[in-house]
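Here is the file target30.txt (compact mmCIF, C-alpha atoms and all ligand atoms).
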# COMPACT_ATOMS: atom_id res chain seq x y z
CA MET A 4 -16.24 18.72 44.60
CA THR A 5 -12.67 17.79 43.63
CA LYS A 6 -10.16 20.22 42.17
CA MET A 7 -9.83 20.33 38.38
CA ALA A 8 -6.26 19.34 37.63
CA LEU A 9 -5.23 19.95 34.04
CA ILE A 10 -2.46 17.42 34.41
CA GLU A 11 -1.94 14.83 37.12
CA VAL A 12 1.21 12.73 37.19
CA GLN A 13 0.86 9.74 39.48
CA ASP A 14 3.67 7.44 40.64
CA LEU A 15 5.61 7.90 37.39
CA LYS A 16 8.67 5.69 36.97
CA VAL A 17 10.89 6.07 33.90
CA HIS A 18 14.05 3.98 33.71
CA PHE A 19 16.74 3.94 31.01
CA LYS A 20 18.34 0.72 29.90
CA ILE A 21 22.12 1.00 29.69
CA GLN A 22 24.87 -1.57 29.29
CA ASN A 23 25.36 -2.25 33.00
CA GLY A 24 21.77 -2.02 34.21
CA TRP A 25 18.93 0.46 34.56
CA VAL A 26 19.20 4.16 35.32
CA LYS A 27 16.22 4.97 37.56
CA ALA A 28 15.89 8.51 36.24
CA VAL A 29 12.33 9.07 37.50
CA ASP A 30 11.36 6.76 40.33
CA GLY A 31 7.85 7.36 41.61
CA VAL A 32 6.99 10.99 40.97
CA SER A 33 3.52 12.46 41.58
CA PHE A 34 2.20 16.00 41.17
CA MET A 35 -0.78 17.95 39.86
CA ILE A 36 -0.94 21.20 37.93
CA ASP A 37 -4.23 23.08 37.66
CA ALA A 38 -5.39 25.06 34.64
CA GLY A 39 -3.65 28.44 34.66
CA GLU A 40 -1.15 27.35 37.32
CA THR A 41 2.66 27.35 37.03
CA MET A 42 4.75 24.73 38.78
CA GLY A 43 8.51 24.93 39.06
CA LEU A 44 10.29 21.58 38.96
CA VAL A 45 13.62 22.20 40.63
CA GLY A 46 16.73 20.16 41.27
CA GLU A 47 20.37 19.64 40.35
CA SER A 48 21.13 18.42 36.85
CA GLY A 49 20.57 14.68 36.45
CA CYS A 50 17.80 14.54 39.08
CA GLY A 51 15.21 13.39 36.52
CA LYS A 52 13.27 16.61 35.95
CA THR A 53 13.82 16.70 32.17
CA THR A 54 13.01 12.98 31.90
CA ALA A 55 9.68 13.64 33.65
CA ALA A 56 8.95 16.34 31.04
CA TYR A 57 9.88 14.05 28.17
CA ALA A 58 7.56 11.37 29.55
CA ILE A 59 4.69 13.89 29.57
CA THR A 60 5.38 14.98 25.98
CA GLN A 61 6.21 11.35 25.09
CA LEU A 62 9.54 12.21 23.54
CA LEU A 63 11.60 9.64 25.44
CA PRO A 64 14.67 8.18 23.72
CA PRO A 65 14.45 4.54 22.56
CA ASN A 66 16.13 3.22 25.73
CA GLY A 67 13.53 4.94 27.96
CA PHE A 68 10.95 2.62 29.53
CA VAL A 69 7.91 3.69 31.55
CA LYS A 70 7.95 1.21 34.42
CA SER A 71 4.77 2.43 36.07
CA GLY A 72 2.51 5.38 36.59
CA PHE A 73 -0.13 7.51 34.98
CA ILE A 74 -0.29 10.92 33.32
CA PHE A 75 -3.90 12.11 33.39
CA PHE A 76 -4.66 15.05 31.12
CA LYS A 77 -7.89 17.08 31.14
CA GLU A 78 -9.71 14.51 33.28
CA PRO A 79 -13.09 15.89 34.43
CA PRO A 80 -13.33 16.19 38.24
CA ARG A 81 -16.15 13.65 38.58
CA THR A 82 -14.29 11.06 36.48
CA ARG A 83 -11.26 11.59 38.72
CA LEU A 84 -13.39 11.04 41.80
CA LEU A 85 -14.86 7.84 40.33
CA ARG A 86 -11.38 6.64 39.33
CA LEU A 87 -10.10 7.11 42.88
CA GLU A 88 -13.16 5.26 44.23
CA TYR A 89 -12.64 2.36 41.80
CA ASP A 90 -8.91 2.23 42.60
CA GLN A 91 -9.82 1.84 46.25
CA MET A 92 -12.57 -0.68 45.53
CA PHE A 93 -10.43 -2.91 43.29
CA LYS A 94 -7.11 -2.53 45.11
CA GLY A 95 -5.33 -5.88 44.71
CA ASN A 96 -8.29 -7.27 42.76
CA PRO A 97 -7.58 -6.73 39.03
CA LYS A 98 -9.91 -9.60 38.08
CA GLY A 99 -12.78 -7.85 39.87
CA ARG A 100 -12.02 -4.67 37.92
CA GLU A 101 -12.02 -6.61 34.64
CA ARG A 102 -15.39 -8.19 35.51
CA GLU A 103 -16.85 -4.77 36.32
CA ILE A 104 -15.58 -3.39 33.00
CA ALA A 105 -17.05 -6.36 31.09
CA THR A 106 -20.45 -6.00 32.82
CA MET A 107 -20.58 -2.27 32.09
CA ARG A 108 -19.54 -2.72 28.47
CA ALA A 109 -22.23 -5.37 27.93
CA ARG A 110 -24.89 -3.11 29.45
CA LEU A 111 -23.70 -0.15 27.36
CA THR A 112 -23.78 -2.21 24.15
CA LYS A 113 -27.33 -3.36 24.95
CA LEU A 114 -28.51 0.19 25.59
CA LEU A 115 -26.92 1.47 22.39
CA GLU A 116 -28.49 -1.37 20.38
CA GLU A 117 -31.91 -0.58 21.85
CA LYS A 118 -31.39 3.03 20.91
CA ARG A 119 -30.45 2.10 17.35
CA ASP A 120 -33.66 0.06 17.08
CA ILE A 121 -35.76 3.05 18.05
CA LYS A 122 -33.92 5.86 16.25
CA ASP A 123 -32.28 5.89 12.84
CA LYS A 124 -28.84 7.37 12.07
CA THR A 125 -30.24 10.90 11.79
CA GLY A 126 -31.84 10.66 15.24
CA GLN A 127 -35.40 10.32 13.88
CA VAL A 128 -37.71 7.85 15.66
CA LYS A 129 -38.22 4.76 13.52
CA SER A 130 -41.75 3.53 12.93
CA LYS A 131 -41.15 0.27 14.80
CA GLY A 132 -40.34 2.05 18.09
CA THR A 133 -43.22 1.49 20.55
CA PRO A 134 -44.39 4.38 22.80
CA GLU A 135 -42.88 2.54 25.80
CA GLN A 136 -39.55 2.19 24.02
CA ILE A 137 -39.56 5.85 23.06
CA GLU A 138 -40.34 6.82 26.65
CA ARG A 139 -37.37 4.79 27.79
CA LEU A 140 -35.04 6.69 25.45
CA ASP A 141 -34.47 9.62 27.79
CA ALA A 142 -33.79 7.37 30.75
CA SER A 143 -31.43 5.19 28.72
CA SER A 144 -29.56 8.26 27.39
CA ALA A 145 -28.83 9.30 30.96
CA GLU A 146 -27.68 5.76 31.74
CA VAL A 147 -25.44 5.73 28.64
CA THR A 148 -23.79 8.97 29.80
CA GLU A 149 -23.31 7.62 33.32
CA LEU A 150 -21.93 4.27 32.12
CA THR A 151 -19.56 5.99 29.68
CA GLU A 152 -18.15 8.15 32.48
CA ARG A 153 -17.77 5.17 34.80
CA LEU A 154 -16.07 3.12 32.09
CA ARG A 155 -13.67 5.99 31.41
CA ALA A 156 -12.79 6.09 35.10
CA LEU A 157 -12.33 2.31 35.28
CA THR A 158 -10.20 2.09 32.14
CA TYR A 159 -8.03 5.20 32.80
CA PHE A 160 -9.35 6.81 29.65
CA TYR A 161 -7.62 10.16 30.34
CA ASP A 162 -4.20 8.60 30.99
CA LEU A 163 -1.83 9.64 28.18
CA LEU A 164 0.42 6.66 28.87
CA ALA A 165 -2.44 4.17 28.50
CA LYS A 166 -2.84 5.37 24.92
CA SER A 167 0.71 4.77 23.79
CA LYS A 168 2.51 2.46 26.23
CA LEU A 169 3.69 -0.75 24.62
CA LYS A 170 3.89 -4.04 26.54
CA ASP A 171 7.59 -3.59 27.37
CA GLY A 172 7.06 -0.04 28.70
CA ARG A 173 8.35 1.83 25.67
CA LEU A 174 6.11 4.52 24.21
CA ASP A 175 4.73 4.22 20.69
CA ASP A 176 6.18 7.18 18.76
CA PHE A 177 3.52 6.91 16.10
CA ASN A 178 0.44 6.91 18.32
CA GLU A 179 -2.08 9.11 16.51
CA GLU A 180 -3.88 10.38 19.62
CA ILE A 181 -0.63 11.50 21.23
CA ARG A 182 0.56 13.15 18.02
CA LYS A 183 -2.63 15.21 18.00
CA ILE A 184 -2.14 16.26 21.62
CA ARG A 185 1.60 17.02 21.40
CA TRP A 186 2.23 20.66 20.38
CA LYS A 187 -1.48 21.39 20.01
CA GLU A 188 -2.43 20.73 23.65
CA ILE A 189 0.92 20.15 25.36
CA SER A 190 3.89 22.07 24.07
CA MET A 191 7.51 22.40 25.11
CA ILE A 192 10.17 25.09 25.12
CA PHE A 193 13.37 23.10 24.84
CA GLN A 194 16.58 23.58 26.70
CA GLY A 195 19.10 25.30 24.43
CA ALA A 196 16.77 27.04 21.98
CA MET A 197 19.90 27.89 20.03
CA ASN A 198 19.72 24.53 18.31
CA ALA A 199 15.95 24.10 18.16
CA PHE A 200 15.61 25.89 14.81
CA ASN A 201 16.88 24.45 11.57
CA PRO A 202 19.69 26.82 10.45
CA VAL A 203 18.85 26.58 6.75
CA PHE A 204 15.21 27.73 7.01
CA ARG A 205 13.82 31.12 7.98
CA VAL A 206 12.55 31.26 11.58
CA GLY A 207 9.13 32.53 10.47
CA ASP A 208 8.75 29.73 7.92
CA GLN A 209 9.45 27.15 10.61
CA ILE A 210 6.64 28.60 12.76
CA ILE A 211 4.29 28.76 9.75
CA GLU A 212 5.08 25.14 8.93
CA ALA A 213 4.30 24.06 12.51
CA ILE A 214 0.89 25.78 12.27
CA GLN A 215 0.05 24.27 8.88
CA LEU A 216 1.15 20.81 9.93
CA HIS A 217 -1.61 20.70 12.55
CA GLU A 218 -4.24 23.07 11.21
CA ASP A 219 -5.89 23.59 7.87
CA VAL A 220 -4.96 27.26 7.32
CA ASP A 221 -3.68 28.96 4.18
CA ASP A 222 -0.28 30.68 3.86
CA ASP A 223 -1.63 34.19 4.49
CA LYS A 224 -3.44 33.25 7.70
CA ALA A 225 -0.49 31.23 9.00
CA THR A 226 1.89 34.14 8.24
CA GLU A 227 -0.44 36.54 10.06
CA ARG A 228 -0.43 34.25 13.08
CA ALA A 229 3.36 33.92 13.03
CA LYS A 230 3.66 37.73 12.95
CA ALA A 231 1.23 38.06 15.86
CA LEU A 232 3.31 35.53 17.81
CA PHE A 233 6.49 37.50 17.05
CA ASN A 234 4.77 40.63 18.34
CA PHE A 235 3.62 38.82 21.46
CA VAL A 236 7.14 37.76 22.39
CA GLY A 237 8.57 41.19 21.53
CA ILE A 238 10.32 40.47 18.23
CA PRO A 239 9.63 42.98 15.41
CA GLU A 240 7.43 41.20 12.88
CA ASP A 241 9.69 42.14 9.95
CA ARG A 242 12.27 39.76 11.44
CA ILE A 243 10.02 36.90 10.36
CA THR A 244 12.13 36.43 7.24
CA ASN A 245 15.42 36.16 9.17
CA TYR A 246 17.44 32.98 9.51
CA PRO A 247 18.27 31.64 13.00
CA HIS A 248 21.90 32.85 12.81
CA GLU A 249 20.62 36.43 12.41
CA PHE A 250 18.98 36.26 15.86
CA SER A 251 20.72 36.87 19.20
CA GLY A 252 20.51 34.15 21.88
CA GLY A 253 17.68 35.95 23.65
CA MET A 254 15.74 36.44 20.41
CA LYS A 255 16.11 32.77 19.55
CA GLN A 256 14.76 31.88 22.97
CA ARG A 257 11.79 34.22 22.45
CA ALA A 258 11.23 32.78 18.96
CA MET A 259 11.23 29.34 20.60
CA ILE A 260 8.48 30.56 22.95
CA ALA A 261 6.57 31.80 19.87
CA LEU A 262 6.96 28.37 18.27
CA ALA A 263 5.72 26.63 21.43
CA LEU A 264 2.69 28.96 21.47
CA ALA A 265 1.91 28.54 17.77
CA LEU A 266 -0.98 26.14 18.31
CA SER A 267 -2.34 27.76 21.50
CA PRO A 268 -1.60 24.80 23.79
CA LYS A 269 -3.26 24.37 27.20
CA PHE A 270 -0.03 23.33 28.88
CA ILE A 271 3.57 24.39 28.23
CA ILE A 272 6.70 22.82 29.63
CA ALA A 273 9.72 25.14 29.64
CA ASP A 274 13.01 23.30 30.15
CA GLU A 275 15.68 25.63 31.60
CA PRO A 276 14.22 28.59 29.68
CA THR A 277 16.81 31.09 30.94
CA THR A 278 19.95 28.96 31.15
CA ALA A 279 22.92 30.20 29.08
CA LEU A 280 21.42 33.69 28.74
CA ASP A 281 22.87 36.88 30.18
CA VAL A 282 21.08 38.47 33.14
CA ILE A 283 19.27 41.14 31.11
CA THR A 284 17.99 38.59 28.59
CA GLN A 285 16.97 36.28 31.45
CA ASP A 286 14.84 39.11 32.82
CA ARG A 287 13.25 39.63 29.43
CA ILE A 288 12.39 35.91 29.10
CA LEU A 289 10.91 35.82 32.61
CA PHE A 290 8.87 38.88 31.63
CA GLU A 291 7.56 36.97 28.58
CA ILE A 292 6.70 33.98 30.77
CA ARG A 293 4.76 36.17 33.19
CA LYS A 294 2.92 37.65 30.20
CA LEU A 295 1.95 34.14 29.06
CA GLN A 296 0.58 33.41 32.51
CA GLU A 297 -1.36 36.66 32.81
CA GLN A 298 -2.71 37.02 29.27
CA LEU A 299 -3.10 33.46 28.04
CA LYS A 300 -3.83 31.79 31.42
CA MET A 301 -2.09 28.63 30.35
CA ALA A 302 -0.70 26.05 32.72
CA MET A 303 3.08 25.80 32.79
CA MET A 304 5.79 23.61 34.18
CA ILE A 305 9.15 25.35 34.44
CA ILE A 306 12.11 23.04 34.80
CA THR A 307 15.19 24.63 36.27
CA HIS A 308 18.13 24.18 38.60
CA ASP A 309 17.90 27.88 39.47
CA VAL A 310 15.62 28.54 42.45
CA SER A 311 15.54 32.28 41.71
CA VAL A 312 13.74 31.54 38.41
CA VAL A 313 10.97 29.54 40.09
CA ALA A 314 10.67 32.12 42.84
CA GLU A 315 9.78 34.69 40.20
CA VAL A 316 7.26 32.79 38.14
CA SER A 317 5.88 29.74 39.98
CA ASP A 318 2.72 29.29 42.03
CA LYS A 319 4.01 26.01 43.36
CA ILE A 320 7.29 24.12 43.49
CA ALA A 321 8.31 20.49 43.38
CA VAL A 322 11.89 19.80 44.47
CA MET A 323 13.39 16.70 42.87
CA TYR A 324 16.40 14.65 43.88
CA ALA A 325 17.59 11.29 42.56
CA GLY A 326 14.43 10.72 40.53
CA ARG A 327 12.01 11.49 43.37
CA ILE A 328 10.13 14.45 44.78
CA MET A 329 11.63 15.60 48.07
CA GLU A 330 9.27 18.46 48.83
CA ILE A 331 6.25 19.97 47.10
CA GLY A 332 3.98 22.86 47.94
CA LYS A 333 3.05 26.43 47.17
CA THR A 334 6.13 28.55 46.41
CA VAL A 335 5.76 30.54 49.61
CA GLN A 336 5.37 27.33 51.68
CA VAL A 337 8.48 25.70 50.25
CA PHE A 338 10.61 28.85 50.44
CA LYS A 339 9.43 30.23 53.77
CA ASN A 340 8.53 27.05 55.69
CA THR A 341 11.16 24.77 54.15
CA ALA A 342 10.66 21.24 55.43
CA HIS A 343 13.30 19.11 53.72
CA PRO A 344 17.08 19.21 54.27
CA TYR A 345 17.71 18.95 50.52
CA THR A 346 15.49 21.96 49.72
CA SER A 347 17.24 23.84 52.48
CA GLY A 348 20.62 22.95 50.96
CA LEU A 349 19.44 24.02 47.51
CA LEU A 350 18.19 27.38 48.82
CA GLY A 351 21.41 27.90 50.76
CA SER A 352 23.55 27.37 47.69
CA PHE A 353 21.93 30.21 45.71
CA PRO A 354 22.24 33.94 46.34
CA SER A 355 19.22 35.32 48.19
CA ILE A 356 16.50 36.37 45.78
CA GLU A 357 15.54 39.18 48.12
CA GLY A 358 18.98 40.68 47.76
CA GLU A 359 20.23 40.14 51.33
CA ARG A 360 23.90 39.29 51.66
CA ARG A 361 24.57 35.88 53.12
CA ARG A 362 27.12 33.11 53.01
CA LEU A 363 26.43 30.54 50.30
CA ILE A 364 26.75 26.93 51.39
CA SER A 365 27.06 24.18 48.82
CA ILE A 366 25.57 20.75 49.52
CA PRO A 367 28.42 18.38 50.43
CA GLY A 368 28.99 15.26 48.31
CA PHE A 369 27.65 14.32 44.90
CA PRO A 370 24.29 13.24 43.51
CA PRO A 371 23.94 9.45 43.72
CA ASP A 372 24.51 6.87 41.01
CA LEU A 373 20.99 6.20 39.75
CA VAL A 374 21.89 2.69 38.59
CA ASN A 375 22.37 1.77 42.25
CA PRO A 376 20.59 4.51 44.19
CA PRO A 377 21.09 4.53 47.96
CA PRO A 378 18.48 2.54 49.91
CA GLY A 379 15.99 4.39 52.10
CA CYS A 380 16.05 8.15 51.68
CA PRO A 381 18.15 8.84 48.57
CA PHE A 382 19.55 12.00 50.18
CA HIS A 383 20.89 10.23 53.29
CA PRO A 384 24.58 10.02 52.20
CA ARG A 385 24.66 13.85 51.92
CA CYS A 386 22.24 14.77 54.68
CA GLY A 387 23.61 16.38 57.84
CA TYR A 388 20.53 15.24 59.80
CA ALA A 389 20.51 11.57 58.74
CA LYS A 390 19.71 8.97 61.41
CA PRO A 391 20.13 5.17 61.16
CA ASP A 392 16.64 4.49 59.77
CA CYS A 393 17.16 7.04 56.96
CA SER A 394 19.32 4.53 55.08
CA LYS A 395 16.75 1.76 55.49
CA VAL A 396 13.25 3.17 55.08
CA VAL A 397 12.01 5.20 52.11
CA PRO A 398 10.30 8.30 53.57
CA LYS A 399 6.57 8.65 53.04
CA GLY A 400 5.07 12.07 52.36
CA ILE A 401 4.29 14.13 55.47
CA GLU A 402 1.75 16.91 54.93
CA LEU A 403 2.81 19.90 57.01
CA GLU A 404 0.09 22.27 55.86
CA PRO A 405 -2.54 21.77 53.14
CA GLY A 406 -0.70 20.92 49.92
CA HIS A 407 2.79 21.21 51.49
CA ILE A 408 4.39 17.76 51.61
CA SER A 409 7.92 16.76 52.63
CA TYR A 410 9.42 13.32 51.98
CA CYS A 411 11.68 13.38 55.02
CA HIS A 412 11.11 11.16 58.09
CA TYR A 413 11.92 14.07 60.38
CA ALA A 414 10.25 16.92 58.49
CA LYS A 415 8.26 18.10 61.51
CA GLU A 416 11.19 18.08 63.93
CA LEU A 417 13.66 19.63 61.49
CA GLN A 418 11.42 22.29 59.93
CA PRO A 419 11.98 25.03 62.57
CA ASN A 420 15.78 24.77 62.19
CA LEU A 421 16.15 24.46 58.42
CA ARG A 422 17.70 27.24 56.42
CA ARG A 423 15.05 28.86 54.25
CA LEU A 424 14.74 31.72 51.82
CA GLY A 425 16.46 34.77 53.26
CA GLY A 426 17.60 32.69 56.25
S1 LIG A 501 14.87 11.24 55.75
FE1 LIG A 501 16.77 11.35 56.89
S2 LIG A 501 18.36 11.45 55.33
FE2 LIG A 501 16.45 11.92 54.33
S3 LIG A 501 16.33 14.10 54.38
FE3 LIG A 501 15.25 13.38 56.18
S4 LIG A 501 16.78 13.36 57.82
FE4 LIG A 501 17.89 13.54 55.87
Structure rendered as structure tokens:
Amino acid sequence: MTKMALIEVQDLKVHFKIQNGWVKAVDGVSFMIDAGETMGLVGESGCGKTTAAYAITQLLPPNGFVKSGFIFFKEPPRTRLLRLEYDQMFKGNPKGREREIATMRARLTKLLEEKRDIKDKTGQVKSKGTPEQIERLDASSAEVTELTERLRALTYFYDLLAKSKLKDGRLDDFNEEIRKIRWKEISMIFQGAMNAFNPVFRVGDQIIEAIQLHEDVDDDKATERAKALFNFVGIPEDRITNYPHEFSGGMKQRAMIALALALSPKFIIADEPTTALDVITQDRILFEIRKLQEQLKMAMMIITHDVSVVAEVSDKIAVMYAGRIMEIGKTVQVFKNTAHPYTSGLLGSFPSIEGERRRLISIPGFPPDLVNPPPGCPFHPRCGYAKPDCSKVVPKGIELEPGHISYCHYAKELQPNLRRLGG
């Protein structure tokens, strides 16, 4: 039995076309988030974490191209298993895959035609159906279900990118299926909530409009829901008639959370939800996020440069650098058994979350130019442990304990000596 991932990002590459080349903002990123799980995506600004989020919500700017990868959403475990089997079976053999798809489609069409001959549109058996044909109906229904599942696995039916990706790699902004999923199933709390609301409309009206845009509910019901959302995020419901400028920064951020929750999505991406807020307001927002996790059991991805934020609210962490994942694992694994020099540097440059006094060490050097990223391990120009092969060979993932993977050639040797949380 495989694990049920709500969202699975596989080998995602998103590049931006600029005048002098391509910015490889996301360059082969993979991760999974289960239903009800929160993952922190951490890294310095410009490492590609926000681009990854915009690829999931399909809100990339016009110069953003998806060069490869998949984003599977709500894929049933058995379909995932079949997909992995087919990927293995047809590795390097796309023609074979196409033939298999054609054979299955032909068989499915035949079965459905047979079914139509025996039953009418309402499901009643037609007079011309023979007893043998009718007997076959049950068997053929099971085969139809099986074939449908196999075809979905073979054709990447649950891949959000397959629905909207154009031939050149751009995403179709007007794809109907994606428009239905965005906000209703996958929602986002944007960085800088201060500007997310239109200043000339009341905050409550903007939430009501979002509800009515996607659901057929009257004004009274939508207003009731907006008030309930205000209550949930700790804003008095009589503030529903206020304009954005009448809210403090923290209230705007909470109203943004209410807006993101308006359609009860399954998955929320929060981009730097506490940046630019004072410490007390940050605490309040983290409290709201924990409430979302506990009461609504929704999956979340929290994007931040601040490791103390992910330490508070994440079940797992993915550390990104130069468009790639450097280390991924459960929060406790990454913080306590740190296995990548970059993660170690990141942890060392923040005050200890556990309150111990220690010297902060910033990572030397600068993040690389993503138009011409360094060959091999992208961190090698800044890494104090780099060896000659680090600048030549791209590190493969090394699994140190179940689910804890480091993309460093020397993860095993370095792990005992790396600075970690509280270290
Ligand atoms: S692969 Fe080499 S350069 Fe990269 S983090 Fe590991 S030791 Fe440092």
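Here the question is which of A:Ser409, A:Ser48, A:Thr284, A:Thr244 gets nearest to Ile328 of chain A using all atoms listed in the file, and that residue is A:Ser409.
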Could you list, as an mmCIF file with C-alpha atoms, keeping the file's coordinate frame, all residues that come within 12 Å of ligand LIG 501 (chain A)? Count all atoms listed in the file.
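selection-v2.cif written:
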data_model
loop_
_atom_site.group_PDB
_atom_site.id
_atom_site.type_symbol
_atom_site.label_atom_id
_atom_site.label_comp_id
_atom_site.auth_asym_id
_atom_site.auth_seq_id
_atom_site.Cartn_x
_atom_site.Cartn_y
_atom_site.Cartn_z
ATOM 1 C CA TYR A 324 16.400 14.650 43.880
ATOM 2 C CA ALA A 325 17.590 11.290 42.560
ATOM 3 C CA ARG A 327 12.010 11.490 43.370
ATOM 4 C CA ILE A 328 10.130 14.450 44.780
ATOM 5 C CA MET A 329 11.630 15.600 48.070
ATOM 6 C CA GLU A 330 9.270 18.460 48.830
ATOM 7 C CA THR A 341 11.160 24.770 54.150
ATOM 8 C CA ALA A 342 10.660 21.240 55.430
ATOM 9 C CA HIS A 343 13.300 19.110 53.720
ATOM 10 C CA PRO A 344 17.080 19.210 54.270
ATOM 11 C CA TYR A 345 17.710 18.950 50.520
ATOM 12 C CA THR A 346 15.490 21.960 49.720
ATOM 13 C CA SER A 347 17.240 23.840 52.480
ATOM 14 C CA GLY A 348 20.620 22.950 50.960
ATOM 15 C CA PRO A 377 21.090 4.530 47.960
ATOM 16 C CA PRO A 378 18.480 2.540 49.910
ATOM 17 C CA GLY A 379 15.990 4.390 52.100
ATOM 18 C CA CYS A 380 16.050 8.150 51.680
ATOM 19 C CA PRO A 381 18.150 8.840 48.570
ATOM 20 C CA PHE A 382 19.550 12.000 50.180
ATOM 21 C CA HIS A 383 20.890 10.230 53.290
ATOM 22 C CA PRO A 384 24.580 10.020 52.200
ATOM 23 C CA ARG A 385 24.660 13.850 51.920
ATOM 24 C CA CYS A 386 22.240 14.770 54.680
ATOM 25 C CA GLY A 387 23.610 16.380 57.840
ATOM 26 C CA TYR A 388 20.530 15.240 59.800
ATOM 27 C CA ALA A 389 20.510 11.570 58.740
ATOM 28 C CA LYS A 390 19.710 8.970 61.410
ATOM 29 C CA PRO A 391 20.130 5.170 61.160
ATOM 30 C CA ASP A 392 16.640 4.490 59.770
ATOM 31 C CA CYS A 393 17.160 7.040 56.960
ATOM 32 C CA SER A 394 19.320 4.530 55.080
ATOM 33 C CA LYS A 395 16.750 1.760 55.490
ATOM 34 C CA VAL A 396 13.250 3.170 55.080
ATOM 35 C CA VAL A 397 12.010 5.200 52.110
ATOM 36 C CA PRO A 398 10.300 8.300 53.570
ATOM 37 C CA LYS A 399 6.570 8.650 53.040
ATOM 38 C CA GLY A 400 5.070 12.070 52.360
ATOM 39 C CA ILE A 401 4.290 14.130 55.470
ATOM 40 C CA SER A 409 7.920 16.760 52.630
ATOM 41 C CA TYR A 410 9.420 13.320 51.980
ATOM 42 C CA CYS A 411 11.680 13.380 55.020
ATOM 43 C CA HIS A 412 11.110 11.160 58.090
ATOM 44 C CA TYR A 413 11.920 14.070 60.380
ATOM 45 C CA ALA A 414 10.250 16.920 58.490
ATOM 46 C CA LYS A 415 8.260 18.100 61.510
ATOM 47 C CA GLU A 416 11.190 18.080 63.930
ATOM 48 C CA LEU A 417 13.660 19.630 61.490
ATOM 49 C CA GLN A 418 11.420 22.290 59.930
ATOM 50 C CA LEU A 421 16.150 24.460 58.420
#
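The interatomic distance for the pair atom CA of Arg185 of chain A and atom CA of Gly406 of chain A works out to 28.9 Å.
Surrounding segment 217-222 of chain A within 10 Å are Arg182, Lys183, Trp186, Lys187, Asp208, Ile211, Glu212, Ala213, Ile214, Gln215, Lys224, Ala225, Thr226, Glu227, Arg228 and Leu266 of chain A, with only C-alpha atoms counted and residues fewer than 2 positions along the same chain left out.
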Atom CA of Asp162 of chain A and atom CA of Lys118 of chain A are how many Å apart?
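Going from atom CA of Asp162 of chain A over to atom CA of Lys118 of chain A, I get 29.5 Å.
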Please report as JSON lines every residue of segment 7-120 of chain A lying within 6 Å of segment 295-319 of chain A, along with the nearest atom pair and their distance in Å (one decimal), using only C-alpha atoms.
{"residue": "A:Ala38", "atom": "CA", "partner": "A:Ala302", "partner_atom": "CA", "distance": 5.2}
{"residue": "A:Gly39", "atom": "CA", "partner": "A:Ala302", "partner_atom": "CA", "distance": 4.3}
{"residue": "A:Glu40", "atom": "CA", "partner": "A:Ala302", "partner_atom": "CA", "distance": 4.8}
{"residue": "A:Thr41", "atom": "CA", "partner": "A:Met303", "partner_atom": "CA", "distance": 4.5}
{"residue": "A:Met42", "atom": "CA", "partner": "A:Lys319", "partner_atom": "CA", "distance": 4.8}
{"residue": "A:Gly43", "atom": "CA", "partner": "A:Ile305", "partner_atom": "CA", "distance": 4.7}
{"residue": "A:Leu44", "atom": "CA", "partner": "A:Ile306", "partner_atom": "CA", "distance": 4.8}
{"residue": "A:Val45", "atom": "CA", "partner": "A:Thr307", "partner_atom": "CA", "distance": 5.2}
{"residue": "A:Gly46", "atom": "CA", "partner": "A:His308", "partner_atom": "CA", "distance": 5.0}
{"residue": "A:Glu47", "atom": "CA", "partner": "A:His308", "partner_atom": "CA", "distance": 5.4}
Which one is closest to Lys333 of chain A: A:Leu15, A:Val282, A:Ile408, A:Val236? Count all atoms listed in the file.
A:Ile408
Lys27 of chain A surroundings by all atoms listed in the file, 10 Å radius, close-in-sequence under 3 positions cut, as a ChimeraX atom specification:
/A:16-20,24,30-31,50-51,67-68,70,325-327,372-376
Kindly indicate which residue among A:Ala109, A:Val206, A:Glu275, A:Leu9 lies nearest to Asp241 of chain A, using all atoms listed in the file for the distances.
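Checking each candidate against Asp241 of chain A, we get A:Val206 as the closest.
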Choose the residue, out of A:Phe250, A:Phe233, A:Phe76, A:Tyr57, that has the smallest atom-to-atom separation from Ala165 of chain A; count all atoms listed in the file.
A:Phe76
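Around Leu87 of chain A, within 12 Å and counting only C-alpha atoms, the residues found are A:Thr5, A:Gln13, A:Pro80, A:Arg81, A:Thr82, A:Arg83, A:Leu84, A:Asp90, A:Gln91, A:Met92, A:Phe93, A:Lys94, A:Arg153, A:Ala156, A:Leu157, A:Thr158, A:Tyr159, once anything fewer than 3 positions away on its own chain is removed.
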